[in-house]
Structures are given as C-alpha cells and as structure tokens.
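Note sheet for the following structure.
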Amino acid sequence: MVGLGTIVNIGTILVGGALGLILKRVLSRRITDTMLQGIGLAVMIIGVSGTLIAAFTIVDGRIISEHVLIMIISLALGALIGELLRIEDGLEAFGKFCEKKLVKPDEESTFAQGFVTATLVFCVGSMAIVGSIEDGINRNSDILVAKSIIDGITAMIFASTMGFGVLFSAFTVGIYQGIITILAYLVGPFISELVIMQMSLVGSILIMSIGLNMLKIAKIKVGNLLPAIFIPAIYQLIVGVFFK
C-alpha cells in the first residue's frame, strides 16, 4: 500500500509525543533543559555523519569529495526560494496560531518552538526523503517504518522538553512525506540513485543546522533552506529535458 509508511510515522509521533507530555510532568526544568542539549548534540552527530557519508568516498587510500558543486548550488538556490516564500515564518506563524487557540495567554509556552523544531527534524532527514521515494516507487515502507520508531522516541523526548506543539508536527510530516511519496509514485522511474544521494546530502546538512540551532550556537533559518533538498531532482529534470 502506497503511503503506509507515512501513516505509521504519523501514529508513532502522536503516541511518542503523548508519552512525552506525561513524562514532562515528572521532570524538572533543569533536567529537561539538559536533555534538550543532549538531543541537540545527537542531532548534530546524525547530520555530520550523514554529510560525511554522502559527500566523501575513499579511493585508493585517498579521500575524494563528491557532489560538492550541486550541494553549493542547491543550498544557494534553496535559500533564495525559501526566503522569497518565507517558509520558516509560515511555520512559526502556524505554530503561534495554534498556540493562541490551545494555550492560555498567561501560561509560558514553547508550543511554537516544539512544533517548528520537531517538524524540521522529522522532515529534512535522509530517511524521510529516501523512505518516501522507496514507498512511492516500490511500495516498500520498511525505511519509513524504521524512521517511525526513531521519530516516536524523539517525539517523546521533544514533547517532554518542549511540550504539546511537538504532536502537531505529525500533520506536517504527513503532508511533506505524502507529497514526496505521491511524486515518487508518478515520476519514480526518472529518479536516479545519484539524485537521491545528492538530496540526502543536502538533508543531512540541514539536520546539522538544526543541531546548531538547538545548541544555540547559531540561528539558521532551516525552514527557508528546505527547498534546497529538491534542487538536485529539478536539476536532473532540466538536464534530462534540454540536454539529452
């Protein structure tokens, strides 16, 4: 069944997030702050390792860089498109809108932070991209099911530190992965393994950026960089149509 992996993913985020809200009641702010820093470090490591795997290979004992040019072009064009569309502002505005509807005005809330952070972490990883493509092309949801388990655990930890907004990320994950799955189902035969690797590389860089944000080392507008993930596929399409 096409889309099964995404449905499972939505479910695990909701269940994990709900467990995290229960856990939040028994943890102090000091503990949750330290946990959040630990998660930030873990996210950084995941991003760095994914970037190194996709960007470098060892040939005859030498380290050779790959996909660097398309990576730079993707990030530059993705940033341009994202800034014009103001994607991150849109995510934050939606989070704030939900926050106003669901949280009392006199309560300190991290609803928007939890929604935006969880949405980006769950969406930009290589497993989200590769898994959705595999689900669409081969009707194989194994990668997304594995991702679902990881996301469920992460959602539990996120919700225990950032609250209710984390659960709402399940809906954006459903839309995001659903669109990729449908597109892969329609145009899958034209997507090469090289392009998937390039998309995964850009996704890993964005995951690393999320880690930097969580550790408050930098303030990178990761949401506005999301279009960069799809530039390699667009590039292949243009080359295939006009330079055959």
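Please note that chains go A, B, ... in the order of the structure tokens, that every chain numbers its residues from 1, and that ligands are numbered from 1 in the order shown.
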
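Residues with any atom within 8 Å of Leu226 in chain A, counting only C-alpha atoms and excluding same-chain neighbours fewer than 5 positions away, are Gly78, Ala79, Gly82, Val124 and Leu206 of chain A.
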
Inset, instruction - Would you mind listing what lies within 7 Å of range 160-172 of chain A as an NGL selection string, with only C-alpha atoms counted and same-chain residues fewer than 2 positions away left out? - result: :A and (10 or 13-14 or 17 or 20-21 or 23-24 or 32-33 or 36 or 110-112 or 114-115 or 118-119 or 155-158 or 174-176)

Legend entry - Using only C-alpha atoms: which of A:Met208, A:Ile153, A:Leu75, A:Met127 has the shortest distance to Ile196 in chain A: A:Met127

Inset, instruction - Can you list, as a ChimeraX atom specification, all residues belonging to range 24-182 of chain A that DSSP tags as helix (DSSP H, G or I)? - result: /A:24,29-55,68-85,87-102,111-124,126-138,142-162,165-182

Legend entry - Polymer residues at most 12 Å from Asp89 in chain A, only C-alpha atoms, same-chain spacing of 6 or more positions, as a ChimeraX atom specification: /A:82-83,95-97,112,116,221-224

Residues from the last selection, C-alpha atoms, saved as a PDB file, in the first residue's frame:
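Okay, this is what ended up in part.pdb:
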ATOM      1  CA  GLY A  82      12.870  29.757   0.821  1.00  0.00           C
ATOM      2  CA  GLU A  83      13.441  33.419   1.640  1.00  0.00           C
ATOM      3  CA  GLY A  95       2.639  27.370  15.382  1.00  0.00           C
ATOM      4  CA  LYS A  96       1.735  30.694  17.012  1.00  0.00           C
ATOM      5  CA  PHE A  97      -1.822  30.459  15.660  1.00  0.00           C
ATOM      6  CA  ALA A 112       5.688  27.098  18.503  1.00  0.00           C
ATOM      7  CA  VAL A 116       8.874  24.068  14.310  1.00  0.00           C
ATOM      8  CA  LYS A 221      16.677  29.601   9.133  1.00  0.00           C
ATOM      9  CA  VAL A 222      16.490  25.905   8.340  1.00  0.00           C
ATOM     10  CA  GLY A 223      12.871  26.184   7.200  1.00  0.00           C
ATOM     11  CA  ASN A 224      13.887  28.601   4.471  1.00  0.00           C
TER      12      ASN A 224
END

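CA of Gly5 in chain A lies 20.5 Å from CA of Phe230 in chain A.
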
Legend entry - Residue nearest Leu186 in chain A among A:Ala76, A:Val8, A:Ile137, A:Leu41 (counting only C-alpha atoms): A:Ile137
